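Structure data (TSV, C-alpha atoms and all ligand atoms) from protein.tsv:
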chain	number	residue	atom	x	y	z
V	1	MET	CA	0.00	0.00	0.00
V	2	TYR	CA	0.95	3.63	-0.46
V	3	ALA	CA	2.16	5.25	2.78
V	4	TRP	CA	4.17	8.17	4.11
V	5	GLN	CA	6.82	7.07	6.57
V	6	LEU	CA	8.92	9.06	9.00
V	7	ARG	CA	12.31	7.37	9.42
V	8	ALA	CA	14.27	10.19	11.06
V	9	PRO	CA	12.85	13.53	12.26
V	10	ALA	CA	14.02	16.76	10.62
V	11	PRO	CA	12.64	20.23	9.85
V	12	VAL	CA	9.80	19.80	7.31
V	13	GLU	CA	11.71	22.06	4.92
V	14	ASP	CA	14.08	19.08	4.53
V	15	ARG	CA	11.16	16.77	3.63
V	16	PRO	CA	11.75	14.04	6.26
V	17	LEU	CA	8.61	12.09	5.21
V	18	VAL	CA	9.24	9.37	2.66
V	19	ALA	CA	6.53	8.11	0.28
V	20	THR	CA	6.88	4.34	0.30
V	21	ASP	CA	5.20	1.01	-0.36
V	22	LEU	CA	4.25	-1.05	2.75
V	23	PRO	CA	2.42	-4.37	3.13
V	24	VAL	CA	-1.34	-4.03	3.71
V	25	PRO	CA	-1.70	-4.65	7.49
V	26	ASP	CA	-3.72	-7.64	8.78
V	27	PRO	CA	-6.27	-7.03	11.55
V	28	GLY	CA	-5.78	-8.85	14.90
V	29	PRO	CA	-8.80	-10.56	16.56
V	30	HIS	CA	-10.27	-7.28	17.95
V	31	ASP	CA	-9.13	-5.01	15.11
V	32	LEU	CA	-10.71	-3.23	12.20
V	33	ARG	CA	-8.73	-2.78	9.02
V	34	ILE	CA	-9.76	0.62	7.72
V	35	GLN	CA	-9.36	1.87	4.18
V	36	VAL	CA	-8.40	5.50	4.74
V	37	ASN	CA	-10.80	7.87	3.01
V	38	VAL	CA	-9.24	10.99	4.52
V	39	CYS	CA	-6.75	11.89	7.24
V	40	GLY	CA	-6.63	15.29	8.92
V	41	VAL	CA	-3.28	17.00	9.41
V	42	CYS	CA	-2.64	18.16	12.97
V	43	HIS	CA	0.02	20.38	14.55
V	44	THR	CA	1.08	17.32	16.53
V	45	ASP	CA	2.08	15.67	13.23
V	46	LEU	CA	4.41	18.61	12.69
V	47	HIS	CA	5.89	18.20	16.20
V	48	ILE	CA	6.38	14.47	15.51
V	49	VAL	CA	7.92	14.89	12.07
V	50	GLU	CA	10.28	17.58	13.36
V	51	GLY	CA	11.16	15.55	16.49
V	52	GLU	CA	9.96	18.21	18.95
V	53	ILE	CA	8.42	15.44	21.06
V	54	ASP	CA	10.05	12.09	21.89
V	55	LEU	CA	9.51	9.45	19.22
V	56	PRO	CA	8.87	5.96	20.69
V	57	LYS	CA	8.54	4.26	17.28
V	58	LEU	CA	10.57	4.78	14.14
V	59	PRO	CA	9.85	4.40	11.35
V	60	VAL	CA	6.25	5.51	11.85
V	61	VAL	CA	3.36	6.46	9.58
V	62	PRO	CA	1.89	9.73	11.01
V	63	GLY	CA	-1.76	10.79	11.01
V	64	HIS	CA	-4.42	10.54	13.71
V	65	GLN	CA	-7.63	12.08	12.35
V	66	ILE	CA	-8.69	9.17	10.17
V	67	VAL	CA	-12.07	8.75	8.52
V	68	GLY	CA	-12.33	5.53	6.58
V	69	THR	CA	-14.31	2.49	5.61
V	70	VAL	CA	-13.98	-0.84	7.43
V	71	ASP	CA	-12.42	-3.19	4.92
V	72	ALA	CA	-11.76	-6.30	7.05
V	73	VAL	CA	-12.52	-7.29	10.66
V	74	GLY	CA	-10.86	-9.63	13.18
V	75	ALA	CA	-12.66	-12.78	14.31
V	76	GLU	CA	-13.81	-11.28	17.66
V	77	VAL	CA	-15.10	-7.95	16.33
V	78	THR	CA	-18.72	-7.15	17.25
V	79	ARG	CA	-19.18	-3.34	17.13
V	80	PHE	CA	-18.57	-2.75	13.41
V	81	GLN	CA	-18.83	-4.59	10.12
V	82	VAL	CA	-17.19	-4.39	6.73
V	83	GLY	CA	-18.46	-1.29	4.90
V	84	ASP	CA	-19.09	0.82	8.05
V	85	ARG	CA	-17.66	4.33	8.12
V	86	VAL	CA	-15.50	4.92	11.20
V	87	GLY	CA	-13.16	7.50	12.67
V	88	VAL	CA	-9.87	6.96	14.51
V	89	PRO	CA	-8.44	9.69	16.77
V	90	TRP	CA	-5.15	10.22	18.63
V	91	LEU	CA	-5.94	7.84	21.53
V	92	ASN	CA	-5.45	4.46	19.85
V	93	TRP	CA	-5.52	2.20	22.90
V	94	ALA	CA	-5.57	2.34	26.72
V	95	CYS	CA	-5.01	-0.58	29.11
V	96	GLY	CA	-8.36	-0.44	30.92
V	97	VAL	CA	-6.88	-1.65	34.23
V	98	CYS	CA	-4.46	1.01	35.52
V	99	GLU	CA	-5.51	3.56	38.14
V	100	TYR	CA	-6.14	6.24	35.49
V	101	CYS	CA	-8.22	3.99	33.24
V	102	ARG	CA	-10.34	2.82	36.17
V	103	SER	CA	-11.05	6.41	37.28
V	104	GLY	CA	-12.32	7.68	33.90
V	105	ARG	CA	-8.99	9.22	32.94
V	106	GLU	CA	-7.80	6.81	30.26
V	107	ASN	CA	-6.26	9.82	28.47
V	108	LEU	CA	-3.59	9.65	31.20
V	109	CYS	CA	-3.12	5.84	30.97
V	110	ASP	CA	0.49	4.86	31.67
V	111	PHE	CA	0.33	2.30	28.86
V	112	ALA	CA	-1.70	4.30	26.32
V	113	ARG	CA	-0.79	4.11	22.66
V	114	PHE	CA	-1.42	6.90	20.19
V	115	THR	CA	-2.27	6.76	16.49
V	116	GLY	CA	0.47	7.86	14.14
V	117	TYR	CA	2.92	7.82	17.07
V	118	GLN	CA	3.23	4.36	18.71
V	119	VAL	CA	0.95	2.86	16.05
V	120	ASP	CA	1.10	3.49	12.30
V	121	GLY	CA	-1.47	6.12	11.38
V	122	GLY	CA	-3.52	7.46	8.52
V	123	TYR	CA	-1.05	8.95	6.04
V	124	ALA	CA	-1.54	5.67	4.17
V	125	GLU	CA	-4.09	3.61	2.25
V	126	TYR	CA	-4.94	1.35	5.21
V	127	GLN	CA	-4.77	1.52	8.99
V	128	VAL	CA	-5.58	-1.01	11.73
V	129	THR	CA	-7.27	-0.10	15.05
V	130	ASP	CA	-8.96	-1.99	17.92
V	131	GLU	CA	-12.73	-1.72	17.40
V	132	HIS	CA	-13.17	-0.27	20.91
V	133	PHE	CA	-11.14	2.79	19.95
V	134	ALA	CA	-12.97	3.57	16.70
V	135	TYR	CA	-16.13	5.69	16.38
V	136	ALA	CA	-19.14	5.85	14.10
V	137	ILE	CA	-19.10	9.15	12.21
V	138	PRO	CA	-22.41	11.10	12.15
V	139	ALA	CA	-23.96	10.85	8.69
V	140	ALA	CA	-24.31	14.65	8.42
V	141	PHE	CA	-20.56	15.03	7.94
V	142	PRO	CA	-18.80	14.26	4.66
V	143	ASP	CA	-15.43	12.53	5.23
V	144	ALA	CA	-13.25	15.63	4.97
V	145	GLN	CA	-15.51	17.75	7.21
V	146	ALA	CA	-15.52	14.99	9.86
V	147	ALA	CA	-11.72	14.59	10.07
V	148	PRO	CA	-10.96	17.74	12.12
V	149	LEU	CA	-13.55	16.72	14.71
V	150	LEU	CA	-11.39	13.74	15.68
V	151	CYS	CA	-8.43	15.60	17.15
V	152	ALA	CA	-8.84	19.34	16.81
V	153	GLY	CA	-12.47	18.96	17.85
V	154	VAL	CA	-12.04	16.40	20.61
V	155	VAL	CA	-9.06	18.11	22.25
V	156	GLY	CA	-10.84	21.48	22.07
V	157	TYR	CA	-13.88	19.88	23.66
V	158	ARG	CA	-11.80	18.44	26.51
V	159	ALA	CA	-10.28	21.91	27.04
V	160	LEU	CA	-13.82	23.35	27.27
V	161	ARG	CA	-14.76	20.63	29.77
V	162	LEU	CA	-11.70	21.16	31.97
V	163	GLY	CA	-12.43	24.91	31.97
V	164	ASP	CA	-16.10	24.26	32.91
V	165	VAL	CA	-16.96	26.52	29.98
V	166	ARG	CA	-20.58	25.35	29.88
V	167	ASN	CA	-21.11	27.28	33.14
V	168	ILE	CA	-19.21	30.52	32.54
V	169	LYS	CA	-20.00	33.85	30.87
V	170	TRP	CA	-16.78	34.80	29.07
V	171	LEU	CA	-14.22	32.63	27.27
V	172	GLY	CA	-10.91	33.73	25.74
V	173	LEU	CA	-9.30	31.76	22.88
V	174	TYR	CA	-5.63	32.28	21.99
V	175	GLY	CA	-4.80	31.11	18.46
V	176	PHE	CA	-7.58	30.44	15.98
V	177	GLY	CA	-6.67	27.31	14.04
V	178	ALA	CA	-8.48	24.02	13.64
V	179	SER	CA	-9.26	23.44	17.36
V	180	ALA	CA	-10.41	26.95	18.21
V	181	HIS	CA	-12.75	27.26	15.25
V	182	ILE	CA	-14.61	24.18	16.49
V	183	ALA	CA	-14.42	25.11	20.21
V	184	ILE	CA	-15.97	28.53	19.55
V	185	GLN	CA	-19.04	26.89	17.99
V	186	VAL	CA	-19.54	24.67	21.03
V	187	ALA	CA	-19.08	27.64	23.38
V	188	ARG	CA	-21.59	29.77	21.41
V	189	HIS	CA	-24.03	26.82	21.46
V	190	TRP	CA	-23.79	26.96	25.26
V	191	GLY	CA	-24.45	30.73	25.19
V	192	VAL	CA	-20.93	31.75	26.22
V	193	GLU	CA	-19.43	35.07	24.99
V	194	VAL	CA	-16.06	34.60	23.29
V	195	ALA	CA	-13.02	36.85	22.82
V	196	VAL	CA	-10.48	35.62	20.24
V	197	PHE	CA	-6.82	36.62	20.30
V	198	THR	CA	-4.93	36.01	17.06
V	199	ARG	CA	-2.35	37.75	14.89
V	200	SER	CA	-4.07	36.88	11.63
V	201	ALA	CA	-6.59	39.36	10.22
V	202	GLU	CA	-8.25	36.52	8.29
V	203	HIS	CA	-8.62	34.44	11.47
V	204	ARG	CA	-10.17	37.46	13.25
V	205	ARG	CA	-12.76	37.74	10.46
V	206	LEU	CA	-13.53	34.01	10.69
V	207	ALA	CA	-13.84	34.29	14.50
V	208	LEU	CA	-16.36	37.14	14.20
V	209	ASP	CA	-18.25	35.14	11.51
V	210	LEU	CA	-18.49	32.24	13.97
V	211	GLY	CA	-19.95	34.41	16.72
V	212	ALA	CA	-16.99	35.92	18.61
V	213	THR	CA	-17.95	39.09	20.48
V	214	TRP	CA	-14.43	40.49	20.16
V	215	ALA	CA	-11.34	39.63	18.10
V	216	GLY	CA	-7.91	41.21	18.33
V	217	GLY	CA	-4.21	40.67	19.03
V	218	SER	CA	-2.83	38.88	22.09
V	219	ASP	CA	-1.23	42.18	23.15
V	220	GLU	CA	-4.62	43.90	23.15
V	221	ASP	CA	-7.11	44.18	26.02
V	222	SER	CA	-10.47	42.69	25.10
V	223	GLY	CA	-12.08	44.51	28.01
V	224	ALA	CA	-13.99	41.31	28.80
V	225	PRO	CA	-13.93	39.71	32.28
V	226	LEU	CA	-12.63	36.33	31.08
V	227	ASP	CA	-13.63	33.41	33.32
V	228	CYS	CA	-11.57	30.96	31.32
V	229	SER	CA	-9.04	31.19	28.52
V	230	ILE	CA	-7.65	28.44	26.34
V	231	ILE	CA	-4.27	28.68	24.62
V	232	PHE	CA	-4.18	26.60	21.43
V	233	ALA	CA	-1.01	28.15	19.99
V	234	PRO	CA	2.24	26.39	21.06
V	235	ALA	CA	3.72	29.70	22.27
V	236	GLY	CA	4.72	29.87	25.95
V	237	ALA	CA	4.97	33.67	25.71
V	238	LEU	CA	1.16	33.76	25.57
V	239	VAL	CA	0.85	32.37	29.12
V	240	PRO	CA	1.59	35.62	31.05
V	241	ALA	CA	-0.49	37.60	28.53
V	242	ALA	CA	-3.45	35.25	28.97
V	243	LEU	CA	-3.16	35.23	32.79
V	244	ARG	CA	-3.23	39.04	32.71
V	245	GLY	CA	-6.59	38.91	30.94
V	246	LEU	CA	-8.23	36.49	33.41
V	247	ARG	CA	-10.60	37.65	36.12
V	248	LYS	CA	-10.12	36.46	39.73
V	249	GLY	CA	-10.84	32.76	40.11
V	250	GLY	CA	-10.42	32.23	36.37
V	251	THR	CA	-8.77	29.24	34.72
V	252	LEU	CA	-6.18	29.10	31.99
V	253	ILE	CA	-6.16	25.90	29.92
V	254	LEU	CA	-3.13	24.96	27.84
V	255	ALA	CA	-4.38	22.75	25.01
V	256	GLY	CA	-1.21	21.89	23.11
V	257	ILE	CA	0.93	18.77	23.29
V	258	HIS	CA	4.00	20.97	22.95
V	259	MET	CA	4.77	24.54	23.99
V	260	SER	CA	7.83	26.75	23.78
V	261	PRO	CA	9.28	27.73	27.20
V	262	ILE	CA	7.00	29.84	29.40
V	263	PRO	CA	8.63	33.13	30.46
V	264	GLN	CA	9.07	33.81	34.16
V	265	PHE	CA	6.26	35.91	35.60
V	266	ASP	CA	5.23	37.57	38.88
V	267	TYR	CA	3.01	35.78	41.38
V	268	ASP	CA	0.49	38.61	40.91
V	269	LEU	CA	-0.61	36.98	37.66
V	270	ILE	CA	-1.93	33.85	39.39
V	271	TRP	CA	-2.85	35.55	42.68
V	272	GLY	CA	-6.61	35.77	43.15
V	273	GLU	CA	-7.08	32.02	42.77
V	274	ARG	CA	-6.34	31.97	39.09
V	275	GLY	CA	-5.55	28.43	38.01
V	276	MET	CA	-3.72	26.84	35.14
V	277	ARG	CA	-3.81	23.30	33.74
V	278	SER	CA	-2.84	21.45	30.61
V	279	VAL	CA	-4.94	19.13	28.47
V	280	ALA	CA	-3.35	15.75	27.75
V	281	ASN	CA	-5.02	13.80	24.95
V	282	ALA	CA	-8.72	12.91	25.36
V	283	THR	CA	-10.90	10.01	26.45
V	284	ARG	CA	-13.35	7.92	24.44
V	285	GLN	CA	-16.14	9.68	26.31
V	286	ASP	CA	-14.83	13.06	25.09
V	287	ALA	CA	-14.87	11.75	21.50
V	288	GLU	CA	-18.40	10.29	21.75
V	289	GLU	CA	-19.77	13.48	23.34
V	290	LEU	CA	-18.10	15.81	20.85
V	291	LEU	CA	-19.29	13.78	17.83
V	292	ALA	CA	-22.88	13.81	19.13
V	293	LEU	CA	-22.70	17.54	19.87
V	294	ALA	CA	-21.15	18.24	16.46
V	295	ALA	CA	-24.11	16.61	14.72
V	296	ALA	CA	-26.67	18.33	16.99
V	297	ILE	CA	-25.34	21.91	16.74
V	298	PRO	CA	-24.36	21.28	13.83
V	299	ILE	CA	-20.70	22.27	13.82
V	300	ARG	CA	-19.32	23.69	10.61
V	301	THR	CA	-15.71	22.69	10.01
V	302	GLU	CA	-13.56	24.78	7.74
V	303	VAL	CA	-11.30	22.43	5.76
V	304	GLU	CA	-8.82	22.68	2.96
V	305	THR	CA	-8.30	19.37	1.16
V	306	PHE	CA	-5.21	18.03	-0.58
V	307	PRO	CA	-4.37	14.73	-2.29
V	308	MET	CA	-2.67	12.24	0.08
V	309	GLU	CA	0.38	12.42	-2.21
V	310	GLN	CA	1.01	16.02	-1.01
V	311	ALA	CA	1.39	15.21	2.72
V	312	ASP	CA	4.92	16.58	3.04
V	313	ALA	CA	4.06	19.83	1.23
V	314	VAL	CA	0.94	20.24	3.37
V	315	LEU	CA	2.98	19.98	6.61
V	316	LEU	CA	5.17	22.80	5.31
V	317	LYS	CA	2.08	24.93	4.58
V	318	LEU	CA	0.83	24.18	8.11
V	319	LYS	CA	4.14	25.29	9.59
V	320	ARG	CA	3.92	28.53	7.60
V	321	SER	CA	0.29	29.13	8.74
V	322	GLU	CA	-0.88	28.96	5.12
V	323	ILE	CA	-3.89	26.70	5.85
V	324	ARG	CA	-7.38	28.13	6.34
V	325	GLY	CA	-9.22	26.03	8.95
V	326	ALA	CA	-7.94	22.45	8.96
V	327	ALA	CA	-5.86	20.60	6.37
V	328	VAL	CA	-7.18	17.20	5.27
V	329	LEU	CA	-5.42	14.63	3.10
V	330	VAL	CA	-7.74	12.82	0.74
V	331	GLY	CA	-7.19	9.17	-0.22
V	332	LYS	CA	-8.81	7.03	-2.86
V	333	GLY	CA	-11.95	6.03	-0.97
V	334	ALA	CA	-13.14	9.54	-0.06
V	335	ASP	CA	-16.65	10.78	-0.73
V	336	ASN	CA	-15.40	14.22	-1.72
V	337	LEU	CA	-12.40	14.91	-3.91
V	338	ALA	CA	-9.35	16.96	-3.04
V	339	SER	CA	-9.46	20.58	-4.13
V	340	GLY	CA	-5.91	21.64	-3.29
V	401	ZN	ZN	-3.91	16.01	16.77
V	402	ZN	ZN	-4.55	2.38	31.66
Reformat the file's structure so that it appears as structure tokens.
Amino acid sequence: MYAWQLRAPAPVEDRPLVATDLPVPDPGPHDLRIQVNVCGVCHTDLHIVEGEIDLPKLPVVPGHQIVGTVDAVGAEVTRFQVGDRVGVPWLNWACGVCEYCRSGRENLCDFARFTGYQVDGGYAEYQVTDEHFAYAIPAAFPDAQAAPLLCAGVVGYRALRLGDVRNIKWLGLYGFGASAHIAIQVARHWGVEVAVFTRSAEHRRLALDLGATWAGGSDEDSGAPLDCSIIFAPAGALVPAALRGLRKGGTLILAGIHMSPIPQFDYDLIWGERGMRSVANATRQDAEELLALAAAIPIRTEVETFPMEQADAVLLKLKRSEIRGAAVLVGKGADNLASG
């Protein structure tokens, strides 16, 4: 099968991904073999390809926002059948027995495996995943529009949950890429006012289109009493700026898997019971809830599609912030063709 493989990390400008031919994988007893219709491109893929996070498996096929069609099933599979459309997110497997798994926090499982990281992912024609970690995709979403829900959407949703955003008045969003443009729609659905901080004039326009009350730069004062802010951009320098904008008792959520160093700041910025916490991955419950909510709202995902064969060029565009909304790689089985 056609696949993109990372053998050694390097800056994407040096094209570290290699287009190669791999054997079609066989499903184990509990696995689905999925023909990849589309695979979303996430900032985490960029961090993996460039080696900004530790790489437990090399070579590896990246990609963890897979929408595909079940093509073969293992002997014990009961939840899905051949021909079903399913999605596969970042959390590929959790042990089910450790302290974290047993307390509803399988996203923190000590033995968790992640798609396109410890397990070959979706920058390929086929991918294999345990049926208990795959999801039915709501019919309302074409393949490409569904892909960003699986990581950008799910992680944004977990950030909203950790910030108790359903029960606040004012939310701040720092960075307005794939995650934020989904999170804002959930927040607006809950009746929350949103201020969006982003450098890009185009992203500010999109934010206002999607119901933001205010949009401006991270160095500007929104004037809003923010109860919670979420930083999606991997820039540690935003942390003091975002804390400065929080009201007393407010929470700052850091939603990225990677962040540049956070500058030193005065205790004043977290005085007044301001809190700060990171989001690590997401649980199956997060995924199920977000997919149901996405269909009910319904969430509109902004995607730019590209043929699977352009994966390495697309990562470069992502690095240069040249993607509007979310980038999605389109394989042979997709229900909508690549435009890029
Ligand atoms: Zn991701
Ligand atoms: Zn576990």
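Residue neighbourhood of range 209-213 of chain V, excluding near-sequence residues (fewer than 3 positions): Trp170, Leu171, Gly172, Leu173, His181, Ile182, Ile184, Gln185, Ala187, Arg188, His189, Val192, Glu193, Val194, Ala195, Val196, His203, Arg204, Arg205, Leu206, Ser222, Ala224 and Arg300 of chain V, at 10 Å, using all atoms listed in the file.
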Report as a PyMOL selection string which protein, DNA and RNA residues come within 10 Å of ligand ZN 401 (chain V), using all atoms listed in the file.
-> chain V and resi 40-46+63-65+89-91+115-116+148-155+178-179+256-257+281
Shell of 12 Å around Arg161 in chain V, all atoms listed in the file, local chain residues under 4 positions omitted, as a ChimeraX atom specification | /V:154-157,165-168,183,186-187,190,228,230,251,253,255,277-279,282-283,285-286,289-290
Could you please extract the residues within 8 Å of ligand ZN 402 (chain V), counting only C-alpha atoms and all ligand atoms, and hand them back as a PyMOL selection string?
-> chain V and resi 94-102+106+108-112
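Between CA of Arg85 in chain V and CA of Ile137 in chain V there is a distance of 6.5 Å.
For the choices V:Ala144, V:Ala10, V:Ile53, V:Ala292, the atom-to-atom distance to Thr305 in chain V is smallest for V:Ala144 when using all atoms listed in the file.
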Record the distance separating CA of Val119 in chain V and CA of Leu160 in chain V, expressed in Å with one decimal.
->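 Here the two named atoms are 27.6 Å from each other.
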Which polymer residues have any atom within 12 Å of an atom of Leu315 in chain V, counting all atoms listed in the file, with same-chain residues fewer than 5 positions away left out, as number ranges by chain?
-> V: 11-17, 40-50, 62-63, 123, 306, 308-310, 320-323, 326-329
What is the CA of Ala237 in chain V-CA of Pro263 in chain V distance in Å, reported with one decimal?
-> 6.0 Å
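Counting all atoms listed in the file, the residue from V:Met276, V:Val77, V:Ala233, V:Ile270 that sits nearest to Lys319 in chain V is V:Ala233.
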